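Visitor: Just input04.cif, nothing more (mmCIF, C-alpha atoms):
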```cif
data_target
loop_
_atom_site.label_atom_id
_atom_site.label_comp_id
_atom_site.auth_asym_id
_atom_site.auth_seq_id
_atom_site.Cartn_x
_atom_site.Cartn_y
_atom_site.Cartn_z
CA MET A 1 91.57 75.95 -23.52
CA SER A 2 89.36 76.89 -26.41
CA VAL A 3 86.61 75.35 -28.51
CA ARG A 4 85.72 75.68 -32.20
CA ILE A 5 82.09 76.49 -32.77
CA ALA A 6 79.83 76.94 -35.77
CA VAL A 7 76.80 79.01 -34.89
CA THR A 8 74.11 80.88 -36.76
CA VAL A 9 73.28 84.28 -35.32
CA ASN A 10 70.46 86.30 -36.86
CA SER A 11 70.60 84.08 -39.98
CA LYS A 12 74.34 84.62 -40.50
CA SER A 13 76.78 81.75 -39.89
CA TYR A 14 79.94 82.17 -37.90
CA HIS A 15 82.88 79.83 -37.38
CA GLU A 16 84.79 80.97 -34.34
CA THR A 17 87.18 79.75 -31.68
CA VAL A 18 86.06 80.66 -28.18
CA ASP A 19 87.48 80.28 -24.71
CA ASP A 20 85.91 77.36 -22.80
CA ARG A 21 84.43 79.68 -20.20
CA TYR A 22 83.11 82.31 -22.63
CA THR A 23 79.36 82.70 -22.10
CA LEU A 24 77.01 83.03 -25.05
CA ALA A 25 76.38 86.62 -23.92
CA ASP A 26 80.13 87.38 -23.96
CA PHE A 27 80.38 85.86 -27.42
CA LEU A 28 77.49 87.91 -28.82
CA ARG A 29 78.65 91.17 -27.30
CA GLU A 30 82.41 91.00 -27.45
CA ARG A 31 83.13 88.79 -30.43
CA LEU A 32 80.23 89.64 -32.72
CA ARG A 33 79.77 93.16 -31.32
CA LEU A 34 76.02 92.55 -31.05
CA THR A 35 75.78 94.76 -27.99
CA GLY A 36 71.99 94.96 -27.99
CA THR A 37 72.05 91.91 -25.69
CA HIS A 38 72.68 93.41 -22.26
CA LEU A 39 74.24 91.89 -19.18
CA GLY A 40 72.68 92.82 -15.87
CA CYS A 41 73.03 90.33 -13.04
CA GLU A 42 74.91 87.56 -14.87
CA HIS A 43 73.29 84.89 -12.75
CA GLY A 44 69.98 84.36 -14.47
CA VAL A 45 67.70 86.60 -12.43
CA CYS A 46 67.26 89.86 -14.36
CA GLY A 47 66.57 88.58 -17.87
CA ALA A 48 68.38 91.46 -19.62
CA CYS A 49 70.51 88.96 -21.59
CA THR A 50 67.55 86.92 -22.91
CA VAL A 51 68.02 85.68 -26.48
CA ILE A 52 66.29 82.99 -28.51
CA VAL A 53 68.24 79.77 -29.10
CA ASP A 54 66.69 77.20 -31.44
CA GLY A 55 63.30 78.81 -30.89
CA ALA A 56 63.40 78.94 -27.08
CA SER A 57 64.04 82.03 -24.96
CA VAL A 58 67.09 81.50 -22.75
CA ARG A 59 69.47 83.41 -20.54
CA SER A 60 72.61 83.98 -22.58
CA CYS A 61 74.60 84.55 -19.36
CA LEU A 62 73.85 80.98 -18.23
CA MET A 63 74.82 79.27 -21.45
CA LEU A 64 78.35 78.78 -22.69
CA ALA A 65 79.25 79.86 -26.19
CA ALA A 66 80.60 76.34 -26.65
CA GLN A 67 77.12 75.00 -25.98
CA ALA A 68 75.73 77.05 -28.85
CA ASP A 69 77.77 75.03 -31.36
CA GLY A 70 75.34 74.06 -34.13
CA ALA A 71 72.57 76.27 -32.76
CA SER A 72 70.60 79.11 -34.29
CA VAL A 73 70.57 82.24 -32.14
CA GLU A 74 68.32 85.28 -32.48
CA THR A 75 69.15 88.55 -30.76
CA VAL A 76 67.34 91.88 -30.51
CA GLU A 77 69.28 93.06 -33.56
CA SER A 78 67.17 90.68 -35.68
CA LEU A 79 63.89 92.38 -34.85
CA ALA A 80 64.00 95.65 -36.78
CA ALA A 81 64.63 94.21 -40.23
CA GLY A 82 65.66 96.99 -42.59
CA GLY A 83 65.68 99.49 -39.74
CA ASP A 84 61.91 99.62 -39.24
CA LEU A 85 60.63 98.72 -35.79
CA ASN A 86 58.74 95.43 -35.80
CA PRO A 87 55.24 95.18 -34.25
CA VAL A 88 56.54 94.20 -30.79
CA GLN A 89 59.01 97.07 -30.75
CA ARG A 90 56.36 99.47 -32.05
CA ALA A 91 53.92 98.41 -29.34
CA PHE A 92 56.60 98.98 -26.69
CA LYS A 93 57.25 102.43 -28.09
CA GLU A 94 53.60 103.39 -28.37
CA ASN A 95 52.79 102.22 -24.84
CA HIS A 96 55.79 103.88 -23.20
CA ALA A 97 56.94 100.43 -22.16
CA LEU A 98 60.51 101.58 -21.61
CA GLN A 99 62.36 104.39 -19.97
CA CYS A 100 66.13 103.91 -19.71
CA GLY A 101 65.96 100.97 -22.11
CA PHE A 102 68.59 98.79 -20.46
CA CYS A 103 66.21 95.88 -19.90
CA THR A 104 64.26 96.36 -23.14
CA SER A 105 66.16 94.01 -25.42
CA GLY A 106 65.64 91.13 -22.98
CA PHE A 107 61.93 91.91 -22.68
CA LEU A 108 61.56 92.09 -26.45
CA MET A 109 63.14 88.67 -26.91
CA SER A 110 61.06 87.07 -24.13
CA VAL A 111 57.87 88.53 -25.60
CA THR A 112 58.87 87.51 -29.14
CA ALA A 113 59.41 83.90 -28.07
CA ALA A 114 56.19 83.83 -26.05
CA LEU A 115 54.03 85.23 -28.88
CA ARG A 116 55.29 82.53 -31.23
CA GLU A 117 53.80 79.99 -28.83
CA GLY A 118 50.37 81.54 -29.05
CA PRO A 119 48.32 84.67 -28.38
CA VAL A 120 48.37 86.38 -25.00
CA ARG A 121 44.76 87.13 -24.11
CA SER A 122 44.71 88.65 -20.64
CA ALA A 123 46.73 91.03 -18.50
CA ASP A 124 47.50 88.10 -16.17
CA GLU A 125 48.90 86.09 -19.05
CA ALA A 126 50.91 89.11 -20.18
CA ARG A 127 52.37 89.48 -16.69
CA GLU A 128 53.31 85.80 -16.77
CA VAL A 129 55.13 86.36 -20.08
CA LEU A 130 56.96 89.37 -18.60
CA SER A 131 57.68 87.78 -15.22
CA GLY A 132 61.10 86.44 -16.17
CA ASN A 133 62.53 89.90 -16.81
CA ILE A 134 63.11 92.77 -14.43
CA CYS A 135 62.63 96.46 -15.21
CA ARG A 136 63.58 99.06 -12.62
CA CYS A 137 61.92 102.06 -14.31
CA THR A 138 58.52 101.55 -15.82
CA GLY A 139 56.39 99.58 -13.38
CA TYR A 140 55.35 97.17 -16.18
CA ARG A 141 51.89 98.61 -16.97
CA GLY A 142 52.99 99.89 -20.35
CA MET A 143 54.60 96.56 -21.13
CA VAL A 144 51.46 94.60 -20.23
CA GLN A 145 49.48 96.85 -22.58
CA ALA A 146 52.13 96.50 -25.30
CA VAL A 147 51.95 92.70 -25.13
CA LEU A 148 48.15 92.76 -25.29
CA ASP A 149 48.18 95.23 -28.19
CA VAL A 150 50.63 93.28 -30.28
CA SER A 151 48.87 90.01 -29.56
CA SER A 152 45.43 91.24 -30.64
CA MET B 1 83.87 86.15 -18.50
CA LYS B 2 82.69 85.45 -15.00
CA PRO B 3 83.53 81.84 -14.13
CA ALA B 4 87.01 80.73 -13.13
CA PRO B 5 88.81 78.80 -15.89
CA PHE B 6 87.74 75.24 -16.61
CA VAL B 7 88.19 72.71 -19.37
CA TYR B 8 84.97 72.11 -21.31
CA HIS B 9 84.15 68.57 -22.41
CA ALA B 10 81.26 67.68 -24.70
CA PRO B 11 80.99 63.87 -24.77
CA ARG B 12 78.84 62.33 -27.51
CA SER B 13 77.57 59.35 -25.54
CA LEU B 14 76.72 58.38 -21.98
CA GLU B 15 79.67 55.97 -21.93
CA GLU B 16 82.04 58.76 -22.91
CA ALA B 17 80.59 61.03 -20.23
CA LEU B 18 80.95 58.32 -17.58
CA SER B 19 84.51 57.56 -18.60
CA LEU B 20 85.39 61.27 -18.28
CA LEU B 21 83.75 61.29 -14.84
CA ALA B 22 85.71 58.20 -13.84
CA ASP B 23 88.98 59.86 -14.85
CA LEU B 24 88.25 63.31 -13.43
CA GLY B 25 86.06 62.52 -10.40
CA ASP B 26 85.90 65.36 -7.89
CA ASP B 27 87.60 67.81 -10.27
CA ALA B 28 84.69 67.60 -12.70
CA LYS B 29 81.04 68.61 -12.65
CA ILE B 30 78.25 67.52 -14.95
CA LEU B 31 76.69 70.42 -16.86
CA ALA B 32 73.11 69.76 -17.97
CA GLY B 33 70.74 72.76 -18.19
CA GLY B 34 73.18 74.91 -16.24
CA GLN B 35 70.51 77.00 -14.58
CA SER B 36 71.85 76.30 -11.08
CA LEU B 37 75.46 75.47 -11.90
CA MET B 38 76.23 78.48 -14.11
CA PRO B 39 75.08 81.07 -11.54
CA ILE B 40 77.29 79.60 -8.81
CA LEU B 41 80.20 79.39 -11.26
CA ASN B 42 79.59 82.99 -12.36
CA PHE B 43 79.55 84.07 -8.72
CA ARG B 44 82.69 81.97 -8.15
CA LEU B 45 80.96 80.38 -5.19
CA THR B 46 82.55 77.22 -6.49
CA ARG B 47 84.93 76.17 -9.23
CA PHE B 48 85.69 72.99 -11.10
CA ASP B 49 88.69 72.24 -13.27
CA HIS B 50 86.45 70.40 -15.73
CA LEU B 51 82.86 70.70 -16.90
CA ILE B 52 81.31 67.71 -18.61
CA ASP B 53 78.46 69.00 -20.79
CA ILE B 54 76.02 66.11 -21.30
CA ASN B 55 73.76 67.99 -23.73
CA ARG B 56 75.16 66.08 -26.70
CA ILE B 57 74.96 62.52 -25.38
CA GLY B 58 71.81 61.88 -27.44
CA ASP B 59 68.27 63.06 -28.04
CA TRP B 60 66.98 59.83 -26.53
CA TYR B 61 67.76 61.27 -23.09
CA GLY B 62 65.57 64.32 -23.75
CA ALA B 63 62.10 62.77 -23.86
CA PRO B 64 59.97 61.28 -21.05
CA ARG B 65 59.03 57.61 -21.52
CA LEU B 66 55.73 56.19 -20.35
CA ASP B 67 54.62 52.59 -20.11
CA SER B 68 51.56 51.03 -18.48
CA SER B 69 52.85 51.35 -14.94
CA THR B 70 55.73 53.86 -14.88
CA VAL B 71 56.94 57.22 -16.09
CA THR B 72 60.66 57.60 -16.71
CA ILE B 73 62.36 60.97 -17.00
CA PRO B 74 65.83 60.63 -18.50
CA THR B 75 68.66 62.97 -17.67
CA LEU B 76 68.16 65.60 -20.39
CA VAL B 77 64.41 66.19 -20.16
CA ARG B 78 64.00 69.96 -19.96
CA GLN B 79 61.59 71.26 -17.37
CA ARG B 80 59.63 73.01 -20.13
CA THR B 81 59.37 69.76 -22.11
CA ALA B 82 57.97 67.94 -19.09
CA GLU B 83 55.62 70.80 -18.26
CA ARG B 84 54.07 70.62 -21.73
CA ASP B 85 53.92 66.85 -22.11
CA PRO B 86 50.19 66.01 -22.01
CA ALA B 87 50.79 62.30 -21.37
CA LEU B 88 53.04 63.10 -18.41
CA ALA B 89 50.55 65.67 -17.08
CA SER B 90 47.75 63.15 -17.13
CA ALA B 91 49.81 60.28 -15.68
CA VAL B 92 51.51 62.25 -12.88
CA PRO B 93 49.89 65.70 -12.76
CA ILE B 94 52.08 67.10 -9.97
CA PHE B 95 54.99 67.57 -12.38
CA GLN B 96 53.07 70.12 -14.41
CA GLN B 97 51.53 71.71 -11.31
CA ALA B 98 54.94 72.25 -9.74
CA LEU B 99 56.92 73.08 -12.89
CA ARG B 100 54.66 76.04 -13.62
CA GLN B 101 55.98 77.50 -10.36
CA VAL B 102 59.66 76.78 -11.05
CA ALA B 103 61.44 80.05 -11.88
CA HIS B 104 60.44 81.42 -15.32
CA PRO B 105 59.96 79.97 -18.82
CA GLN B 106 63.44 81.14 -19.89
CA ILE B 107 64.97 79.10 -17.06
CA ARG B 108 62.73 76.06 -17.64
CA ASN B 109 63.62 76.09 -21.35
CA ARG B 110 67.15 75.04 -20.38
CA GLY B 111 66.84 73.59 -16.88
CA THR B 112 66.38 69.83 -16.60
CA ILE B 113 64.36 67.77 -14.12
CA CYS B 114 67.28 65.48 -13.29
CA GLY B 115 69.64 68.45 -12.98
CA SER B 116 67.44 70.05 -10.34
CA LEU B 117 67.18 66.73 -8.49
CA ALA B 118 70.94 66.15 -8.57
CA HIS B 119 71.57 69.75 -7.45
CA ALA B 120 69.29 69.09 -4.43
CA ASP B 121 68.60 72.67 -3.44
CA PRO B 122 66.42 72.43 -0.32
CA ALA B 123 64.19 75.26 -1.57
CA ALA B 124 63.69 73.74 -5.04
CA GLU B 125 60.30 72.35 -6.02
CA LEU B 126 61.19 69.08 -7.75
CA PRO B 127 62.86 67.22 -4.84
CA SER B 128 59.64 67.57 -2.83
CA VAL B 129 57.59 66.50 -5.85
CA VAL B 130 59.42 63.19 -6.26
CA SER B 131 59.26 62.70 -2.49
CA VAL B 132 55.49 62.18 -2.63
CA LEU B 133 55.79 59.71 -5.50
CA ASP B 134 57.14 56.16 -5.70
CA SER B 135 60.37 57.32 -7.32
CA THR B 136 63.57 55.50 -8.05
CA PHE B 137 66.77 57.17 -9.18
CA THR B 138 68.98 55.39 -11.69
CA VAL B 139 72.59 56.29 -11.16
CA ALA B 140 75.39 55.27 -13.51
CA SER B 141 79.16 55.25 -13.46
CA SER B 142 81.77 53.39 -15.46
CA ARG B 143 81.60 50.80 -12.63
CA GLY B 144 78.00 50.04 -13.50
CA LYS B 145 74.46 51.05 -12.75
CA ARG B 146 72.52 51.13 -9.48
CA THR B 147 69.17 52.37 -8.30
CA VAL B 148 68.54 54.56 -5.28
CA ASP B 149 65.17 54.97 -3.61
CA VAL B 150 63.96 58.55 -3.22
CA ALA B 151 64.09 58.16 0.58
CA ASP B 152 67.86 57.64 0.36
CA PHE B 153 68.74 60.03 -2.47
CA PHE B 154 68.60 63.44 -0.78
CA GLN B 155 71.10 63.45 2.06
CA PHE B 156 71.74 67.05 2.99
CA HIS B 157 71.73 70.60 1.62
CA LEU B 158 73.02 70.24 -2.00
CA THR B 159 74.17 66.70 -1.19
CA THR B 160 72.83 63.48 -2.66
CA ALA B 161 73.72 59.80 -2.72
CA LEU B 162 75.69 60.38 -5.95
CA GLU B 163 79.38 59.42 -5.73
CA PRO B 164 81.92 61.69 -7.51
CA ASP B 165 82.13 59.33 -10.50
CA GLU B 166 78.36 58.84 -10.75
CA MET B 167 75.69 60.60 -12.73
CA LEU B 168 71.91 60.59 -12.42
CA THR B 169 70.71 59.06 -15.68
CA GLU B 170 66.98 58.92 -15.02
CA VAL B 171 64.25 59.04 -12.43
CA THR B 172 61.42 56.53 -12.66
CA VAL B 173 58.05 57.15 -11.06
CA ARG B 174 55.37 54.53 -10.55
CA LYS B 175 52.00 55.74 -11.83
CA PRO B 176 49.70 56.42 -8.89
CA PRO B 177 46.75 54.11 -8.20
CA PRO B 178 43.28 55.10 -9.46
CA GLY B 179 41.56 57.67 -7.25
CA THR B 180 44.79 59.61 -6.68
CA VAL B 181 44.88 63.39 -6.92
CA MET B 182 47.89 65.68 -6.54
CA ALA B 183 48.58 69.28 -5.66
CA PHE B 184 51.57 71.57 -5.31
CA HIS B 185 51.45 74.89 -3.49
CA GLU B 186 54.25 77.28 -2.64
CA PHE B 187 54.79 80.75 -1.30
CA ALA B 188 57.42 83.01 -2.85
CA THR B 189 57.79 86.75 -2.37
CA ARG B 190 57.59 87.26 -6.12
CA LYS B 191 56.43 84.67 -8.62
CA GLY B 192 59.39 82.69 -9.88
CA ASP B 193 61.61 83.43 -6.90
CA PHE B 194 62.81 80.65 -4.66
CA ALA B 195 59.91 79.56 -2.49
CA LEU B 196 60.07 80.39 1.21
CA ALA B 197 58.19 77.13 1.65
CA ALA B 198 56.34 74.69 -0.58
CA VAL B 199 54.14 71.65 -0.07
CA ALA B 200 53.60 68.73 -2.42
CA ALA B 201 50.64 66.43 -1.86
CA SER B 202 49.47 63.13 -3.28
CA VAL B 203 46.16 61.85 -1.94
CA THR B 204 44.39 58.61 -2.86
CA PHE B 205 40.66 58.35 -2.24
CA THR B 206 38.83 55.05 -1.82
CA ASP B 207 35.06 55.25 -1.41
CA GLY B 208 35.22 58.94 -0.52
CA LYS B 209 37.84 58.49 2.19
CA VAL B 210 41.59 59.07 2.12
CA SER B 211 43.23 55.68 1.80
CA ALA B 212 46.75 57.04 1.31
CA CYS B 213 48.31 60.46 1.71
CA ARG B 214 51.81 61.74 1.14
CA LEU B 215 52.92 65.26 1.95
CA ALA B 216 56.39 66.72 1.52
CA ALA B 217 57.62 70.21 2.32
CA ALA B 218 60.44 72.16 0.66
CA GLY B 219 62.38 75.07 2.08
CA VAL B 220 62.09 74.00 5.72
CA ALA B 221 64.89 71.46 6.12
CA PRO B 222 68.21 70.51 4.45
CA THR B 223 66.29 67.95 2.35
CA PRO B 224 62.64 67.59 1.33
CA GLN B 225 60.71 66.64 4.44
CA ARG B 226 57.83 64.18 4.51
CA LEU B 227 55.11 65.40 6.87
CA THR B 228 54.21 61.99 8.26
CA ALA B 229 52.22 63.10 11.29
CA ALA B 230 49.95 65.19 9.08
CA GLU B 231 49.72 62.34 6.56
CA ASN B 232 48.62 59.93 9.28
CA LEU B 233 46.10 62.42 10.61
CA VAL B 234 44.18 62.71 7.34
CA THR B 235 44.44 59.08 6.31
CA GLY B 236 41.02 57.51 6.85
CA SER B 237 39.28 60.89 6.92
CA SER B 238 37.04 62.33 4.23
CA LEU B 239 39.33 65.38 4.01
CA THR B 240 36.83 67.90 5.33
CA SER B 241 37.99 71.45 5.87
CA SER B 242 38.47 70.75 9.57
CA ALA B 243 40.66 67.73 8.73
CA CYS B 244 42.71 69.94 6.39
CA SER B 245 43.22 72.62 9.03
CA ALA B 246 44.14 70.05 11.69
CA ALA B 247 46.68 68.59 9.26
CA GLY B 248 48.13 72.06 8.63
CA GLU B 249 48.58 72.66 12.33
CA THR B 250 50.14 69.25 12.85
CA ALA B 251 52.49 69.76 9.89
CA SER B 252 53.69 73.11 11.23
CA GLY B 253 54.58 71.34 14.47
CA GLU B 254 56.67 68.66 12.78
CA VAL B 255 58.99 70.99 10.82
CA ASP B 256 61.97 72.74 12.33
CA PRO B 257 62.99 75.39 9.80
CA THR B 258 65.81 77.87 10.28
CA SER B 259 65.61 81.64 10.02
CA ASP B 260 67.46 83.46 7.27
CA ILE B 261 67.32 86.88 5.63
CA HIS B 262 64.26 85.82 3.61
CA ALA B 263 62.01 84.58 6.42
CA THR B 264 62.04 83.69 10.10
CA ALA B 265 61.61 80.11 11.26
CA ASP B 266 58.24 81.02 12.72
CA HIS B 267 57.07 82.51 9.42
CA ARG B 268 58.12 79.34 7.59
CA ARG B 269 56.25 77.17 10.10
CA LYS B 270 53.11 79.23 9.54
CA LEU B 271 53.60 78.92 5.78
CA VAL B 272 53.76 75.13 6.11
CA ASP B 273 50.44 75.23 7.99
CA ALA B 274 48.82 77.40 5.31
CA LEU B 275 50.33 75.50 2.37
CA VAL B 276 49.31 72.08 3.73
CA GLN B 277 45.77 73.41 4.08
CA ARG B 278 45.84 74.77 0.54
CA ALA B 279 47.30 71.59 -0.93
CA LEU B 280 44.85 69.32 0.91
CA GLY B 281 41.95 71.66 0.14
CA ASP B 282 42.95 71.50 -3.52
CA ALA B 283 43.12 67.70 -3.28
CA ALA B 284 39.69 67.56 -1.62
CA ARG B 285 38.16 69.64 -4.43
CA GLN B 286 39.73 67.38 -7.04
CA GLY B 287 38.50 64.38 -5.04
CA GLU B 288 34.91 65.56 -5.40
CA ASP B 289 35.24 65.30 -9.19
CA LEU B 290 36.51 61.73 -9.15
#
```
Could you rewrite the structure in this file as structure tokens?

Guide:
Amino acid sequence: MSVRIAVTVNSKSYHETVDDRYTLADFLRERLRLTGTHLGCEHGVCGACTVIVDGASVRSCLMLAAQADGASVETVESLAAGGDLNPVQRAFKENHALQCGFCTSGFLMSVTAALREGPVRSADEAREVLSGNICRCTGYRGMVQAVLDVSS
Amino acid sequence: MKPAPFVYHAPRSLEEALSLLADLGDDAKILAGGQSLMPILNFRLTRFDHLIDINRIGDWYGAPRLDSSTVTIPTLVRQRTAERDPALASAVPIFQQALRQVAHPQIRNRGTICGSLAHADPAAELPSVVSVLDSTFTVASSRGKRTVDVADFFQFHLTTALEPDEMLTEVTVRKPPPGTVMAFHEFATRKGDFALAAVAASVTFTDGKVSACRLAAAGVAPTPQRLTAAENLVTGSSLTSSACSAAGETASGEVDPTSDIHATADHRRKLVDALVQRALGDAARQGEDL
């Protein structure tokens, strides 16, 4: 079975027919070829697939594409408008907040959503913002600093 | 694509959802926030021929309702919405206290309160939260509506009083009497992980003494467990630190947890002791400010 959906992704509208069991992550990666959204665990633990749906950060592996009908989705591809790194991305780069980069797109989207809710003032708060994503390389110190830098 | 095939339904009203449930029964599962259901579908730990997505039955189901004596949380209230609702936090503070410890913001942005209650994971926070409150579950099917008391709702590991054609439409909590303070404490290996054990507490003070106390533990039994011996022990006391530690010891003796790869039974019993002391200590400190 399949479902017709109308969804806005990074300000562009799409009308597509998707399989009932297609996840939002599958849709973004395989249908729209927006492969910046990564799939790690596919059960909501690692955070690599985090995107922003109607303003809220969510796991795109735990949401069906069919559920995104009518929604506005933002992915990591929306951040570097015109090819220039945005302030969050620049802070990650400057603070060595990534190594292999697999988890980075999820972190960037979680941080982007969190900063829209208000400034992050302390390292503890930054760790709270980062806690829903897992990185296996960096040890997080660079990311904490990046969040504090971009928030100040 | 991870989950096994299913047919996706997106009813536009509660009635439509209930009529689908009546027709499909055991072959169907309600999809609300999906933060517990989607992982087990992705793992293929379970499969359903039909998913009934209730996210489009109406915005009315997405906002908590408060009146002079009760708080009602309809079926689509996101955990993040409840966590940030100042009126809810002041009426029944334990929701906010516990929700801040539920997984991560990305999960709470989608996950619903009623979804977690209907899922009835024994390690989840919210079932123990409602167990220390005067809570009533409203359950609907195309046959009609009924209410279930919290004491009868959770029946076993992932099993509730819901029949296959029924859906949890709201949970209603009576506002606590004046002089009531609440606390929620858990222990998880990493913040946001499933708790190895958790304790919810609601304590009412009258003239500096505990006139009512409810304690419930999560993660130590197939359902949330009220710690009645510890409750009785502190009732009538002024919740001194020695009363708190005696209650912790008593509580650890009234739970019978099992060992698993995450923690031994003995470790969980000790956690219950420590968490009861923390929760009651927290309540005592709040009590001083009353």

Visitor: Around the point (72.2, 84.6, -10.1) in the file's coordinates, collect all residues with an atom within 8 Å, using only C-alpha atoms, and return them as a ChimeraX atom specification.

Guide: /A:41-45 /B:39-40,42-43

Visitor: Identify, on the basis of all atoms listed in the file, every residue whose closest approach to stretch 86-90 of chain A does not exceed 7 Å; exclude the query and any residue fewer than 6 positions from it along the same chain; express the result as a CSV table (one decimal) with C-alpha atoms, in the coordinates of the input.

Guide:
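Final output, result_22.csv:
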```csv
chain,number,residue,atom,x,y,z
A,79,LEU,CA,63.9,92.4,-34.8
A,80,ALA,CA,64.0,95.6,-36.8
A,108,LEU,CA,61.6,92.1,-26.4
A,150,VAL,CA,50.6,93.3,-30.3
```

Visitor: Name the residues that the PyMOL selection byres ((chain B) within 12 of (chain A)) picks from the file above, as a count of residues only, using the file's chain letters and numbers.

Guide: 57

Visitor: Given all atoms listed in the file as the basis, pick out the residue of A:Val73, A:Val18, A:Val144, A:Leu32 nearest to A:Ala91.

Guide: A:Val144

Visitor: Nearest to B:Asp26: which of B:Ser245, B:Val199, B:Glu163, B:Thr258 is it, counting all atoms listed in the file?

Guide: B:Glu163

Visitor: Under the rule that all atoms listed in the file are counted, which of A:Tyr140, A:Arg31, A:Pro119, A:Cys135 is the nearest residue to A:Ser152?

Guide: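 Distance minimum relative to A:Ser152 lands on A:Pro119.
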
Visitor: Output the residue selection produced by the PyMOL selection byres ((chain A and resi 69) around 6) on the file above, formatted as an NGL selection string.

Guide: :A and (5-7 or 66-68 or 70-71)

Visitor: Please evaluate the PyMOL selection byres ((chain B and resi 149) around 10) against the structure above and give the resulting residues as a list in words.

Guide: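 So the PyMOL selection byres ((chain B and resi 149) around 10), applied here, picks out Ser131, Asp134, Ser135, Thr136, Phe137, Thr138, Thr147, Val148, Val150, Ala151, Asp152, Phe153, Phe154, Ala161, Val171 and Thr172 of chain B.
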
Visitor: So that I have them on file, write out the residues from the current selection with C-alpha atoms, as a PDB file, in the frame of the given file.

Guide:
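Final output, selection11.pdb:
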```pdb
ATOM      1  CA  SER B 131      59.260  62.700  -2.490  1.00  0.00           C
ATOM      2  CA  ASP B 134      57.140  56.160  -5.700  1.00  0.00           C
ATOM      3  CA  SER B 135      60.370  57.320  -7.320  1.00  0.00           C
ATOM      4  CA  THR B 136      63.570  55.500  -8.050  1.00  0.00           C
ATOM      5  CA  PHE B 137      66.770  57.170  -9.180  1.00  0.00           C
ATOM      6  CA  THR B 138      68.980  55.390 -11.690  1.00  0.00           C
ATOM      7  CA  THR B 147      69.170  52.370  -8.300  1.00  0.00           C
ATOM      8  CA  VAL B 148      68.540  54.560  -5.280  1.00  0.00           C
ATOM      9  CA  VAL B 150      63.960  58.550  -3.220  1.00  0.00           C
ATOM     10  CA  ALA B 151      64.090  58.160   0.580  1.00  0.00           C
ATOM     11  CA  ASP B 152      67.860  57.640   0.360  1.00  0.00           C
ATOM     12  CA  PHE B 153      68.740  60.030  -2.470  1.00  0.00           C
ATOM     13  CA  PHE B 154      68.600  63.440  -0.780  1.00  0.00           C
ATOM     14  CA  ALA B 161      73.720  59.800  -2.720  1.00  0.00           C
ATOM     15  CA  VAL B 171      64.250  59.040 -12.430  1.00  0.00           C
ATOM     16  CA  THR B 172      61.420  56.530 -12.660  1.00  0.00           C
TER      17      THR B 172
END
```

Visitor: Hey, can you pull every residue with an atom no more than 12 Å from (33.6, 67.8, -3.1), using only C-alpha atoms, and send it as a count of residues only?

Guide: 17

Visitor: Here is a test: counting all atoms listed in the file, which residue of A:Leu34, A:Leu39, A:Cys49, A:Ala146 is nearest to A:Lys93?

Guide: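 Ranked by minimum distance to A:Lys93, first place goes to A:Ala146.
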
Visitor: Skipping near chain neighbours, those fewer than 4 positions away, what residues fall within 12 Å of B:Ser68 using only C-alpha atoms, listed as a PyMOL selection string?

Guide: chain B and resi 72+87+91+173-177

Visitor: Any chance you can output those residues with C-alpha atoms as a compact mmCIF listing (two decimals), keeping the file's coordinate frame?

Guide:
```txt
# COMPACT_ATOMS: atom_id res chain seq x y z
CA THR B 72 60.66 57.60 -16.71
CA ALA B 87 50.79 62.30 -21.37
CA ALA B 91 49.81 60.28 -15.68
CA VAL B 173 58.05 57.15 -11.06
CA ARG B 174 55.37 54.53 -10.55
CA LYS B 175 52.00 55.74 -11.83
CA PRO B 176 49.70 56.42 -8.89
CA PRO B 177 46.75 54.11 -8.20
```
